[in-house]
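S.K.: Pasting in a structure now, in structure tokens, and then I'll have a few things to ask.
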Amino acid sequence: MSYIIADCLVKTFGAGASAVPAVSEISFQIAPGEFVAIMGESGAGKSTLLGILGAMNAPSSGRLLVDDIDVYRLHAEQLADFRREYLGFVFQSFHLVSYLSVIENVMLPLTVTRRSKTEKRAMALEALSRVGLTEKADRLPGEISGGEKERVAVARAIVNEPPILLADEPTGNLDSRNSREVMHLFQHLNDGGMTIIMVTHSAESAAYARRVMQVSDGRLQEDRSVIAAGLRMAS
Amino acid sequence: MTLKLISLRNLMRRKGKAAFILAGLVIGVATVVGIISFVEATTHDIAHKLEQYGANILIVPRTENLSLSYGGLSLGGVSFDLEEIRESELARLATIKNHRNIAAVGPMVLGVASVEGRRILMAGVDFRAAGILKPWWRVQGAYPDANGILLGSEAAGLLNLKAGDRLPVNGLDLTVSGILEPTGSQDDQLAFAALTTAQQAFQKTGRISMAEVAALCKDCPIEDMVRQIAEVLPGAKVMAIQQVVKSRMEMLAQFSHFSYGISGVILFIGGLVVLVTMMGSVRERTDEIGIFRAIGFRRSHIMRIVFLEAGILSGLAGIIGYGLGLGCAQAALSLLSESHGGHVPFNPALAIGSLVLALALGLAASAYPAAMAARLDPNEALRTL
């Protein structure tokens with residue numbers, strides 16, 4: 001279980017008069033097992049914030065602590081190890097590798113770990129079974145639907161059982177039925193104790209979260225729990 | 001799932017690009033292998049032909065009593081009356097480091113014979129060695145046996161002798177076995193007998209006046225051989241006929257340098273083909289590399305993927321390039337060599353060298369694209385999508 005502390009995060013693109021602030025002094029804490037939706041208009045800075053939380057985009061200032069690890073004090077290779085061990089990523093455009101089969105895509109994060117082939121395959125099949133795609137393990141990404149691609153992306157993100165799942169507009173390219181399936185999947189993972197931080201435009205998707213952060217002009221405008229409001233969907 | 005599998009799958013997916021890189025490397029390696037094989041085979045052929053120009057090292061007694069010109073070349077001091085070398089000492093030539101470069105050794109005993117009131121220079125030679133040392137000799141008649149004598153064309157004319165005539169020399173009754181066709185050298189004025197016959201005639205049994213050596217010097221500096229022979233024959237003066245040797249060496253060296261220069265240029269172009277194609281491939285895969293980095297691949301893992309791809313293609317190129325180069329060399333040798341023949345043998349060192357060369361070239365040319373891929377910022381890479 002990982003405790004996340006964002007301490008006065010600032011991200012500015014450019015310098016001098018042309019400097020554009022993307023994230024301005026955002027601070028928050030996320031407890032283990034939380035399901036957080038980050039909402040905001042396009043250009044509000046939510047994807048930049050997710051990049052910072054994903055150890056991929058160093059802030060101009062401020063600190064990100066995960067389990068007391070000062071993430072951006074790690075050097076490049078340690079950051080890669082951190083991402084592999086702590087984080088799972090789900091992207092809006094799936095970002096599956098087109099020439100690898102479904103199960104090989106799911107196994108990707110395990111490629112650089114010291115596990116046997118059998119163990120890696122078993123873990124990938126387990127992840128695929130969690131998203132209900134075992135029977136399509138040997139298909140290529142081009143041979144499955146958009147909803148299935150997203151579920152493969154989720155399987156890839158959870159295959160090494162990271163404590164934190166980061167999702168960038170996970171339902172952005174899906175129809176409502178597939179969106180619901182993916183969100184149910186997220187809810188299920190969260191019920192199992194996984195911390196989920198999701199950037200979304202969709203209020204419907206955000207309704208699955210226990211906490212919603214509203215970002216506007218790079219600032220955290222609102223940070224509220226939505227359990228009390230009864231917005232969390234039933235499993 | 002392994003990095004090797006990712007590399008293999010990517011190569012299979014981008015067959016056109018892989019084939020282009022492979023072709024670039026194969027052409028480079030095949031050119032080098034072909035040129036080296038052709039140069040080696042041709043050099044061997046040229047060296048063999050050059051040996052037919054005759055002796056290139058002279059061994060004479062260490063004396064300064066008499067100087068004479070022989071064969072249009074300066075022989076230095078040769079004293080055939082006062083100083084000799086023991087014939088048995090020539091066996092020491094087989095002990096020098098470069099003894100394999102010795103093609104022939106021609107011992108020679110010289111003496112003055114009186115024939116019908118005329119004085120004639122007579123040389124006792126080993127006629128088998130003379131076949132290598134004096135390939136320009138053409139004989140009307142036959143080479144002499146122990147009781148025969150071969151006359152130079154001018155000597156035969158002055159003495160008015162022809163093949164079959166008898167000629168008493170220093171108490172020996174010899175028969176003229178043949179007349180040497182004009183050579184344009186001092187040989188035209190000499191009489192030649194078998195070495196033992198001449199030694200007997202001049203009472204120099206077991207002794208010689210000088211020796212000629214034909215050295216195959218494509219792989220050795222002639223000066224080294226001269227030094228080595230001088231070391232085993234301390235009582236003799238050893239001289240290289242520099243003009244002949246140097247021209248041989250220079251001719252071979254120029255041919256080799258030109259060929260290696262061409263190889264270098266083609267290798268450079270092959271390297272550029274790999275570099276440019278790999279860079280294009282890395283650029284096309286920005287998203288993929290971004291995903292790999294995002295899910296925890298280290299920079300070193302990305303570099304290994306690129307290097308594995310380059311390594312697989314380079315290894316293949318090394319094998320194919322060697323075979324192709326050997327085939328081209330064989331074809332070129334058949335077309336270009338004077339004898340329209342010759343065989344380019346399998347050379348294990350060259351085969352290993354071509355593999356190493358292909359790997360080195362492929363990996364070196366992929367180093368920058370690999371570093372470029374490894375440096376990709378995952379956030380930037382994914383933002384481009």
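Following the order of the structure tokens, chains are lettered A, B, ..., residues in each are numbered from 1, and ligands are numbered from 1.
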Using only C-alpha atoms, which residues sit within 9 Å of Pro59 of chain A once same-chain residues fewer than 5 positions away are excluded, as a ChimeraX atom specification?
M.R.: /A:9-12,23,49,52,64,72
S.K.: Among chain A, which ones does DSSP assign to helix (DSSP H, G or I) (computed from the backbone)? Answer as a ChimeraX atom specification.
M.R.: /A:16-18,46-53,71-73,76-86,102-110,117-130,134-136,141-143,146-158,176-191,203-206
S.K.: Taking only C-alpha atoms into account, what are the residues of chain A at most 6 Å from chain B, put as a ChimeraX atom specification?
M.R.: /A:56,77,80-81,83-84,109,111
S.K.: Could you save those same residues with C-alpha atoms as a PDB file, in the first residue's frame?
M.R.:
ATOM      1  CA  MET A  56       7.574  10.649 -16.136  1.00  0.00           C
ATOM      2  CA  GLU A  77      17.180   4.223 -14.257  1.00  0.00           C
ATOM      3  CA  ALA A  80      12.218   3.374 -14.548  1.00  0.00           C
ATOM      4  CA  ASP A  81      12.439   0.789 -11.770  1.00  0.00           C
ATOM      5  CA  ARG A  83       7.500   3.018 -12.496  1.00  0.00           C
ATOM      6  CA  ARG A  84       7.777  -0.729 -13.030  1.00  0.00           C
ATOM      7  CA  PRO A 109       6.131  -5.064 -17.882  1.00  0.00           C
ATOM      8  CA  THR A 111       9.964  -8.613 -19.626  1.00  0.00           C
TER       9      THR A 111
END
S.K.: From the options B:Glu116, B:Asp188, B:Asp145, B:Glu87, which residue's atoms come nearest to Arg128 of chain B, counting only C-alpha atoms?
M.R.: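 Answer, going by the shortest atom-to-atom distance: B:Asp145.
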S.K.: I'd like the contact shell of Thr134 of chain A - 10 Å cut-off, only C-alpha atoms, skipping same-chain residues fewer than 6 positions apart - returned as a short mmCIF file (atom, residue, chain, number, x, y, z; two decimals) with N, CA, C and O atoms, in the first residue's frame.
M.R.:
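What landed in part09.cif:
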data_model
loop_
_atom_site.label_atom_id
_atom_site.label_comp_id
_atom_site.auth_asym_id
_atom_site.auth_seq_id
_atom_site.Cartn_x
_atom_site.Cartn_y
_atom_site.Cartn_z
N VAL A 102 -1.83 -10.32 -27.74
CA VAL A 102 -2.47 -9.78 -26.53
C VAL A 102 -1.69 -10.20 -25.29
O VAL A 102 -1.34 -9.38 -24.44
N ILE A 103 -1.38 -11.49 -25.19
CA ILE A 103 -0.68 -11.96 -23.97
C ILE A 103 0.73 -11.39 -23.90
O ILE A 103 1.23 -11.08 -22.81
N ALA A 124 0.44 -13.28 -16.72
CA ALA A 124 -0.28 -12.58 -17.79
C ALA A 124 -1.66 -13.19 -17.99
O ALA A 124 -2.66 -12.46 -18.17
N LEU A 125 -1.75 -14.51 -17.92
CA LEU A 125 -3.06 -15.17 -18.07
C LEU A 125 -3.99 -14.81 -16.92
O LEU A 125 -5.19 -14.61 -17.11
N GLU A 126 -3.41 -14.69 -15.73
CA GLU A 126 -4.20 -14.30 -14.56
C GLU A 126 -4.75 -12.87 -14.76
O GLU A 126 -5.94 -12.62 -14.50
N ALA A 127 -3.88 -11.97 -15.26
CA ALA A 127 -4.33 -10.59 -15.50
C ALA A 127 -5.40 -10.57 -16.59
O ALA A 127 -6.40 -9.83 -16.49
N LEU A 128 -5.21 -11.38 -17.62
CA LEU A 128 -6.21 -11.43 -18.70
C LEU A 128 -7.53 -12.00 -18.20
O LEU A 128 -8.61 -11.56 -18.62
N VAL A 152 -7.16 -4.97 -22.40
CA VAL A 152 -5.80 -5.51 -22.49
C VAL A 152 -4.83 -4.51 -21.84
O VAL A 152 -3.92 -4.90 -21.09
#
